[in-house]
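Peer 1: Contents of upload-v1.csv (CSV, C-alpha atoms):
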```csv
chain,number,residue,atom,x,y,z
A,1341,MET,CA,47.8,26.6,-117.3
A,1342,LEU,CA,48.8,25.4,-113.8
A,1343,ALA,CA,51.9,26.7,-112.2
A,1344,SER,CA,53.4,23.5,-110.9
A,1345,ASP,CA,53.0,19.7,-110.8
A,1346,ASP,CA,51.9,20.0,-107.2
A,1347,GLU,CA,49.0,22.3,-108.1
A,1348,GLU,CA,48.0,20.0,-111.0
A,1349,GLN,CA,48.0,17.0,-108.6
A,1350,ALA,CA,45.9,18.9,-106.2
A,1351,VAL,CA,43.3,19.6,-108.9
A,1352,VAL,CA,43.2,15.9,-109.9
A,1353,GLU,CA,42.7,14.9,-106.2
A,1354,ARG,CA,39.9,17.4,-105.8
A,1355,GLU,CA,38.2,16.1,-108.9
A,1356,GLU,CA,38.5,12.5,-107.8
A,1357,HIS,CA,37.2,13.5,-104.4
A,1358,ASP,CA,34.2,15.3,-105.9
A,1359,LEU,CA,33.4,12.2,-108.1
A,1360,GLU,CA,33.4,10.0,-104.9
A,1361,ARG,CA,30.8,12.3,-103.4
A,1362,GLU,CA,28.1,11.4,-106.0
A,1363,PRO,CA,27.0,15.0,-106.7
A,1364,GLU,CA,23.4,14.2,-107.6
A,1365,ARG,CA,22.4,14.4,-103.9
A,1366,ASP,CA,23.7,17.0,-101.5
A,1367,ASP,CA,23.2,15.0,-98.3
A,1368,LEU,CA,25.5,12.2,-99.3
A,1369,PRO,CA,28.5,11.7,-97.0
A,1370,ARG,CA,32.0,12.4,-98.2
A,1371,ALA,CA,34.0,9.3,-99.0
A,1372,GLU,CA,36.0,9.4,-95.8
A,1373,GLU,CA,32.9,9.8,-93.7
A,1374,ALA,CA,31.2,6.9,-95.6
A,1375,ARG,CA,34.2,4.7,-94.8
A,1376,GLN,CA,34.1,5.7,-91.2
A,1377,TRP,CA,30.4,5.0,-90.9
A,1378,ARG,CA,30.8,1.6,-92.6
A,1379,ALA,CA,33.5,0.7,-90.0
A,1380,GLU,CA,31.1,1.7,-87.3
A,1381,PHE,CA,28.3,-0.5,-88.8
A,1382,GLU,CA,30.7,-3.4,-89.0
A,1383,ALA,CA,31.8,-2.9,-85.4
A,1384,ALA,CA,28.1,-2.7,-84.2
A,1385,ALA,CA,27.3,-5.9,-86.2
A,1386,ARG,CA,29.8,-7.8,-84.1
A,1387,ARG,CA,28.2,-6.7,-80.8
A,1388,PRO,CA,25.4,-8.7,-79.2
A,1389,LEU,CA,22.1,-6.9,-79.1
A,1390,GLU,CA,22.2,-6.4,-75.3
A,1391,GLN,CA,25.5,-4.5,-75.6
A,1392,ARG,CA,24.1,-2.4,-78.5
A,1393,PHE,CA,21.2,-1.4,-76.3
A,1394,ARG,CA,23.6,-0.4,-73.5
A,1395,TYR,CA,25.5,1.9,-75.9
A,1396,ALA,CA,22.5,3.3,-77.7
A,1397,PHE,CA,19.9,4.3,-75.1
A,1398,ILE,CA,20.7,7.4,-73.1
A,1399,ARG,CA,18.6,9.6,-70.8
A,1400,THR,CA,18.7,13.3,-70.5
A,1401,TYR,CA,16.0,15.7,-69.4
A,1402,LYS,CA,14.2,17.4,-72.3
A,1403,PRO,CA,12.5,20.6,-71.2
A,1404,VAL,CA,8.7,20.8,-71.8
A,1405,LEU,CA,8.6,17.4,-73.5
A,1406,ASP,CA,9.3,15.6,-70.3
A,1407,ASP,CA,7.2,17.8,-68.0
A,1408,GLU,CA,3.9,16.0,-68.5
A,1409,PRO,CA,3.4,12.3,-67.6
A,1410,PHE,CA,1.0,11.8,-70.5
A,1411,ARG,CA,0.0,13.5,-73.7
A,1412,SER,CA,-2.1,12.4,-76.6
A,1413,PHE,CA,-2.8,14.0,-80.0
A,1414,GLY,CA,-5.7,13.2,-82.3
A,1415,THR,CA,-3.4,13.3,-85.3
A,1416,THR,CA,0.3,13.1,-85.9
A,1417,ALA,CA,0.1,16.5,-87.6
A,1418,GLU,CA,-1.3,18.0,-84.3
A,1419,TYR,CA,1.6,16.5,-82.5
A,1420,ARG,CA,4.1,17.9,-85.0
A,1421,ALA,CA,2.5,21.4,-84.7
A,1422,TRP,CA,2.5,21.2,-80.9
A,1423,CYS,CA,6.2,20.3,-80.9
A,1424,GLU,CA,6.9,23.2,-83.3
A,1425,GLU,CA,5.0,25.7,-81.1
A,1426,ASN,CA,6.0,24.5,-77.6
A,1427,LEU,CA,9.4,22.9,-77.6
A,1428,PRO,CA,12.7,24.8,-77.6
A,1429,SER,CA,14.0,24.7,-81.2
A,1430,TRP,CA,17.4,23.3,-80.2
A,1431,LEU,CA,15.7,20.0,-79.3
A,1432,GLY,CA,15.3,19.5,-83.0
A,1433,TYR,CA,11.6,18.5,-83.0
A,1434,GLY,CA,10.7,21.4,-85.3
A,1435,HIS,CA,11.5,22.0,-88.9
A,1436,ALA,CA,14.1,24.7,-88.2
A,1437,VAL,CA,16.5,25.6,-85.4
B,961,MET,CA,12.4,11.3,-64.5
B,962,ALA,CA,12.3,7.8,-66.0
B,963,MET,CA,15.4,5.7,-66.2
B,964,ARG,CA,17.0,5.0,-69.6
B,965,PHE,CA,15.5,2.3,-71.7
B,966,GLU,CA,17.3,-1.0,-70.9
B,967,TYR,CA,17.5,-4.2,-72.9
B,968,VAL,CA,15.6,-6.1,-70.2
B,969,GLN,CA,12.7,-3.6,-70.6
B,970,ALA,CA,12.6,-4.2,-74.3
B,971,LEU,CA,12.3,-7.9,-73.5
B,972,GLU,CA,9.5,-7.1,-71.1
B,973,ILE,CA,7.7,-5.2,-73.7
B,974,ARG,CA,8.1,-8.0,-76.2
B,975,ASP,CA,6.9,-10.6,-73.8
B,976,ALA,CA,4.0,-8.6,-72.4
B,977,PHE,CA,2.8,-7.5,-75.8
B,978,GLU,CA,3.0,-11.0,-77.0
B,979,ARG,CA,1.0,-12.3,-74.1
B,980,HIS,CA,-1.7,-9.7,-74.7
B,981,GLY,CA,-1.7,-10.1,-78.5
B,982,VAL,CA,-0.7,-6.5,-79.2
B,983,ARG,CA,0.1,-5.8,-82.9
B,984,TYR,CA,3.1,-3.4,-82.9
B,985,LEU,CA,6.4,-2.7,-84.5
B,986,PHE,CA,9.5,-0.9,-83.3
B,987,LEU,CA,9.9,2.3,-85.3
B,988,GLY,CA,12.3,5.3,-85.4
B,989,LYS,CA,15.8,5.2,-84.1
B,990,SER,CA,15.0,2.6,-81.5
B,991,GLY,CA,13.9,0.3,-84.4
B,992,ALA,CA,17.1,1.1,-86.3
B,993,ILE,CA,19.1,0.3,-83.2
B,994,LEU,CA,17.5,-3.1,-83.0
B,995,LEU,CA,18.5,-3.7,-86.6
B,996,GLY,CA,22.1,-2.8,-85.7
B,997,PHE,CA,22.3,0.9,-86.3
B,998,PRO,CA,25.0,2.4,-84.0
B,999,ASP,CA,23.6,5.6,-82.7
B,1000,THR,CA,22.0,7.0,-79.6
B,1001,THR,CA,18.4,7.7,-78.7
B,1002,GLN,CA,16.3,8.4,-75.6
B,1003,ASP,CA,13.0,6.6,-75.9
B,1004,ALA,CA,11.3,3.7,-77.6
B,1005,ASP,CA,8.9,4.4,-80.4
B,1006,LEU,CA,6.3,1.8,-81.0
B,1007,PHE,CA,4.0,1.8,-84.1
B,1008,LEU,CA,0.7,0.2,-83.1
B,1009,GLU,CA,-2.1,-1.1,-85.3
B,1010,LYS,CA,-5.0,1.3,-84.9
B,1011,SER,CA,-8.0,-0.6,-83.5
B,1012,ALA,CA,-10.0,-0.5,-80.3
B,1013,ALA,CA,-9.0,-4.1,-79.6
B,1014,ASN,CA,-5.3,-3.4,-80.1
B,1015,GLY,CA,-5.5,-0.3,-77.9
B,1016,GLU,CA,-7.2,-2.3,-75.2
B,1017,ALA,CA,-4.5,-5.0,-75.4
B,1018,ALA,CA,-1.7,-2.4,-75.3
B,1019,LEU,CA,-3.3,-0.8,-72.3
B,1020,ALA,CA,-3.4,-4.1,-70.4
B,1021,ALA,CA,0.2,-4.9,-71.3
B,1022,LEU,CA,1.5,-1.4,-70.3
B,1023,ARG,CA,-0.3,-1.5,-67.0
B,1024,GLU,CA,1.3,-4.9,-66.4
B,1025,LEU,CA,4.7,-3.4,-67.2
B,1026,GLY,CA,4.1,-0.7,-64.5
B,1027,PHE,CA,2.8,2.2,-66.5
B,1028,PRO,CA,0.3,3.9,-64.1
B,1029,LEU,CA,-2.3,4.8,-66.8
B,1030,THR,CA,-5.6,6.3,-65.6
B,1031,GLU,CA,-9.0,5.3,-67.0
B,1032,ALA,CA,-9.0,8.6,-69.0
B,1033,GLU,CA,-5.6,7.9,-70.4
B,1034,GLY,CA,-6.6,4.3,-71.2
B,1035,GLY,CA,-9.5,5.7,-73.1
B,1036,GLU,CA,-7.2,7.6,-75.3
B,1037,LEU,CA,-5.4,4.4,-76.2
B,1038,ARG,CA,-8.6,2.6,-76.8
B,1039,ARG,CA,-9.8,5.3,-79.1
B,1040,GLY,CA,-6.5,5.1,-81.0
B,1041,LYS,CA,-5.3,8.7,-80.8
B,1042,ASP,CA,-2.6,9.0,-83.5
B,1043,PHE,CA,0.2,9.9,-81.1
B,1044,VAL,CA,0.5,9.1,-77.4
B,1045,GLN,CA,3.5,10.1,-75.3
B,1046,ILE,CA,4.0,8.4,-71.9
B,1047,ARG,CA,6.5,9.8,-69.4
B,1048,SER,CA,5.0,8.3,-66.2
B,1049,GLY,CA,6.3,4.8,-66.6
B,1050,PRO,CA,9.5,2.9,-65.9
B,1051,PHE,CA,10.8,4.2,-69.2
B,1052,ASP,CA,9.7,6.8,-71.8
B,1053,LEU,CA,7.5,5.5,-74.5
B,1054,ASP,CA,6.0,7.1,-77.6
B,1055,LEU,CA,3.1,5.2,-79.1
B,1056,VAL,CA,2.4,6.0,-82.7
B,1057,PHE,CA,-0.8,4.9,-84.4
B,1058,ALA,CA,-0.3,6.8,-87.7
B,1059,PRO,CA,3.4,7.6,-88.4
B,1060,ASP,CA,4.3,10.0,-91.1
B,1061,GLY,CA,5.4,8.4,-94.4
B,1062,ILE,CA,3.9,4.9,-93.8
B,1063,GLU,CA,0.7,4.1,-95.6
B,1064,SER,CA,-0.7,1.4,-93.3
B,1065,PHE,CA,0.2,-0.8,-90.4
B,1066,GLU,CA,-0.6,-3.9,-92.5
B,1067,GLN,CA,1.9,-2.9,-95.2
B,1068,ALA,CA,4.6,-2.2,-92.6
B,1069,TRP,CA,3.8,-5.5,-90.9
B,1070,GLU,CA,4.3,-7.3,-94.2
B,1071,ARG,CA,7.8,-5.8,-94.6
B,1072,ARG,CA,8.8,-6.2,-91.0
B,1073,VAL,CA,12.1,-7.6,-89.8
B,1074,GLU,CA,12.3,-9.9,-86.8
B,1075,VAL,CA,15.3,-9.4,-84.5
B,1076,ASP,CA,15.4,-11.8,-81.5
B,1077,GLY,CA,11.6,-11.9,-81.5
B,1078,PHE,CA,11.3,-8.1,-81.7
B,1079,PRO,CA,9.1,-7.0,-84.6
B,1080,VAL,CA,10.9,-4.1,-86.3
B,1081,CYS,CA,9.9,-1.8,-89.2
B,1082,HIS,CA,11.9,-2.4,-92.3
B,1083,PRO,CA,14.7,0.2,-92.6
B,1084,ASP,CA,13.0,1.7,-95.7
B,1085,ASP,CA,9.9,2.4,-93.5
B,1086,ILE,CA,12.0,3.9,-90.8
B,1087,ILE,CA,13.7,6.2,-93.3
B,1088,ALA,CA,10.3,7.0,-95.0
B,1089,SER,CA,8.8,8.1,-91.7
B,1090,LYS,CA,11.8,10.2,-90.8
B,1091,ALA,CA,12.0,11.8,-94.2
B,1092,ALA,CA,8.2,12.6,-94.1
B,1093,ALA,CA,8.5,14.1,-90.6
B,1094,ASN,CA,11.4,16.3,-91.8
B,1095,ARG,CA,12.3,17.6,-88.4
B,1096,VAL,CA,15.8,19.0,-87.8
B,1097,LYS,CA,16.8,15.9,-85.8
B,1098,ASP,CA,15.5,13.7,-88.6
B,1099,ARG,CA,17.4,15.6,-91.3
B,1100,GLU,CA,20.6,15.3,-89.2
B,1101,SER,CA,20.3,11.5,-88.9
B,1102,LEU,CA,19.0,10.6,-92.4
B,1103,PRO,CA,22.3,10.5,-94.3
B,1104,ARG,CA,23.9,8.1,-91.9
B,1105,LEU,CA,20.7,6.1,-91.6
B,1106,ARG,CA,20.5,5.7,-95.4
B,1107,ALA,CA,24.1,4.5,-95.4
B,1108,PHE,CA,23.2,2.0,-92.8
B,1109,ARG,CA,20.2,0.8,-94.8
B,1110,ASP,CA,22.5,0.1,-97.8
B,1111,TYR,CA,25.0,-1.7,-95.5
B,1112,TRP,CA,22.1,-3.7,-93.9
B,1113,MET,CA,20.7,-4.7,-97.3
B,1114,GLU,CA,24.1,-5.9,-98.5
B,1115,ARG,CA,24.6,-8.0,-95.4
B,1116,ARG,CA,21.1,-9.4,-95.7
B,1117,GLU,CA,21.5,-10.3,-99.4
B,1118,GLY,CA,25.1,-11.5,-99.0
```
Could the structure of this file be written out as structure tokens, please?

Peer 2:
Amino acid sequence: MLASDDEEQAVVEREEHDLEREPERDDLPRAEEARQWRAEFEAAARRPLEQRFRYAFIRTYKPVLDDEPFRSFGTTAEYRAWCEENLPSWLGYGHAV
Amino acid sequence: MAMRFEYVQALEIRDAFERHGVRYLFLGKSGAILLGFPDTTQDADLFLEKSAANGEAALAALRELGFPLTEAEGGELRRGKDFVQIRSGPFDLDLVFAPDGIESFEQAWERRVEVDGFPVCHPDDIIASKAAANRVKDRESLPRLRAFRDYWMERREG
């Protein structure tokens, strides 16, 4: 039994929130996050392509990756393995940080 | 270090590749951005059809765009290595001839989306390639990219 109406209301809100999260997949956004993303998508859709480019493409130095002018790999798997072995994990090109 | 990728350079790629008859699609986050996905990225990822003729055409187009590719490097493009990373040009470019998660260029081409004359992979193919690559940075971007795909499909069908 719940101690107060406030606690009961909090339980109801948590359950509603959990339902909104569609629990079958664990990488789904929370409802608030999904609303925020949708607002961002709508804002982006109103911008001309040239402006979207200006906002989207950035340039920062990536150690190792940017240190050679040209690299080629016989297979994509070889490229993935090279990234895994040679790049700092924080760049995110490997399977784990 | 190359400058950031600008809209005008995307236009130059589009026009040079068209002149030389290069068969290609924008892939990865740069493709998603062309479709309207609001996010950031550093380089352009191009998915090229794997054939000697297409590699030759891409080489000619890239040289015209100011990429100082040597004969040996050009040979790698002609032979159709699966992945070529170029950091010596006016902007950074990744050329992918066999992306993870996409069965064939032809199938991706059939599903492509045209945005202002830019051929772009369908969001389902962009998602499939990121899901198959399964890198940390892909796993971080996939939930938002999937939400964008749903939004994009709604708009397209609506």

Peer 1: Could you work out how far CA of Glu1063 in chain B lies from CA of Ser1089 in chain B, giving the answer in Å with one decimal?

Peer 2: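 Separation of CA of Ser1089 in chain B and CA of Glu1063 in chain B: 9.8 Å.
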
Peer 1: List the spatial neighbours of Ala1383 in chain A as number ranges by chain - criterion: any atom at most 10 Å away, all atoms listed in the file, same-chain residues fewer than 5 positions off excluded.

Peer 2: A: 1377-1378; B: 996, 998

Peer 1: Atoms to include: C-alpha atoms. Write the selected residues as a tab-separated table (two decimals), in the frame of the given file.

Peer 2:
```tsv
chain	number	residue	atom	x	y	z
A	1377	TRP	CA	30.40	5.00	-90.90
A	1378	ARG	CA	30.80	1.60	-92.60
B	996	GLY	CA	22.10	-2.80	-85.70
B	998	PRO	CA	25.00	2.40	-84.00
```

Peer 1: Skipping near chain neighbours, those fewer than 5 positions away, what residues fall within 6 Å of range 1096-1113 of chain B using all atoms listed in the file, listed as a VMD selection string?

Peer 2: (chain A and resid 1432 1435 to 1436) or (chain B and resid 1083 1090)

Peer 1: Within 8 Å of Arg1072 in chain B, counting all atoms listed in the file, which residues show up once you throw out same-chain ones fewer than 5 positions away? Write them as a VMD selection string, please.

Peer 2: chain B and resid 985 1079 to 1082

Peer 1: Show which residues sit within 10 Å of Gly1026 in chain B, as a PyMOL selection string. Count all atoms listed in the file, and ignore same-chain residues fewer than 4 positions away.

Peer 2: chain B and resi 1021-1022+1048-1051

Peer 1: Nearest to chain A: which of B:Leu1006, B:Ala976, B:Met963, B:Ala1017 is it, counting only C-alpha atoms?

Peer 2: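 Among B:Leu1006, B:Ala976, B:Met963, B:Ala1017, it is B:Met963 that comes nearest to chain A.
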
Peer 1: With the cut-off set at 8 Å and counting all atoms listed in the file, tabulate each residue of chain B with an atom at most that distance from an atom of chain A, showing the nearest atom pair and its distance in Å to one decimal, ordered by chain and increasing number, as a tab-separated table.

Peer 2:
```
residue	atom	partner	partner_atom	distance
B:Met961	CA	A:Tyr1401	CA	7.5
B:Met963	CA	A:Arg1399	CA	6.8
B:Arg964	CA	A:Arg1399	CA	5.0
B:Phe965	CA	A:Phe1397	CA	5.9
B:Glu966	CA	A:Phe1393	CA	6.7
B:Tyr967	CA	A:Glu1390	CA	5.7
B:Ile993	CA	A:Ala1396	CA	7.1
B:Leu994	CA	A:Leu1389	CA	7.1
B:Gly996	CA	A:Ala1385	CA	6.1
B:Phe997	CA	A:Phe1381	CA	6.6
B:Pro998	CA	A:Ala1384	CA	6.0
B:Asp999	CA	A:Ala1396	CA	5.6
B:Thr1000	CA	A:Ala1396	CA	4.2
B:Thr1001	CA	A:Phe1397	CA	5.2
B:Gln1002	CA	A:Ile1398	CA	5.2
B:Asp1003	CA	A:Phe1397	CA	7.3
B:Glu1033	CA	A:Phe1410	CA	7.7
B:Glu1036	CA	A:Ser1412	CA	7.1
B:Lys1041	CA	A:Gly1414	CA	4.8
B:Asp1042	CA	A:Thr1415	CA	4.7
B:Phe1043	CA	A:Phe1413	CA	5.2
B:Val1044	CA	A:Ser1412	CA	4.3
B:Gln1045	CA	A:Arg1411	CA	5.1
B:Ile1046	CA	A:Phe1410	CA	4.7
B:Arg1047	CA	A:Pro1409	CA	4.4
B:Ser1048	CA	A:Pro1409	CA	4.5
B:Ala1058	CA	A:Thr1416	CA	6.6
B:Pro1059	CA	A:Thr1416	CA	6.8
B:Asp1060	CA	A:Thr1416	CA	7.3
B:Asn1094	CA	A:His1435	CA	6.4
B:Arg1095	CA	A:His1435	CA	4.5
B:Val1096	CA	A:Gly1432	CA	4.9
B:Lys1097	CA	A:Gly1432	CA	4.8
B:Pro1103	CA	A:Asp1367	CA	6.1
B:Arg1104	CA	A:Trp1377	CA	7.3
B:Ala1107	CA	A:Ala1374	CA	7.5
B:Phe1108	CA	A:Phe1381	CA	6.9
B:Tyr1111	CA	A:Arg1378	CA	7.3
```

Peer 1: Please compute the CA of Glu978 in chain B-CA of Glu1070 in chain B distance, one decimal, in Å.

Peer 2: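 CA of Glu978 in chain B sits 17.6 Å away from CA of Glu1070 in chain B.
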
Peer 1: What is the CA of Ala1379 in chain A-CA of Ala1093 in chain B distance in Å, reported with one decimal?

Peer 2: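 Calculated distance between CA of Ala1379 in chain A and CA of Ala1093 in chain B is 28.4 Å.
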
Peer 1: Which residue is closest to Phe1007 in chain B? Choose from B:Gly1077, B:Gly1035, B:Gln969, B:Ala1068 and count all atoms listed in the file.

Peer 2: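 The shortest atom-to-atom distance to Phe1007 in chain B comes from B:Ala1068.
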
Peer 1: What's the 10 Å shell around Ala1013 in chain B, counting all atoms listed in the file, without same-chain residues fewer than 4 positions away, as a list in words?

Peer 2: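 Counting all atoms listed in the file, the residues come to Gly981, Val982, Arg983, Glu1009, Ala1017, Ala1018, Leu1019, Leu1037, Arg1038, Arg1039 and Gly1040 of chain B.
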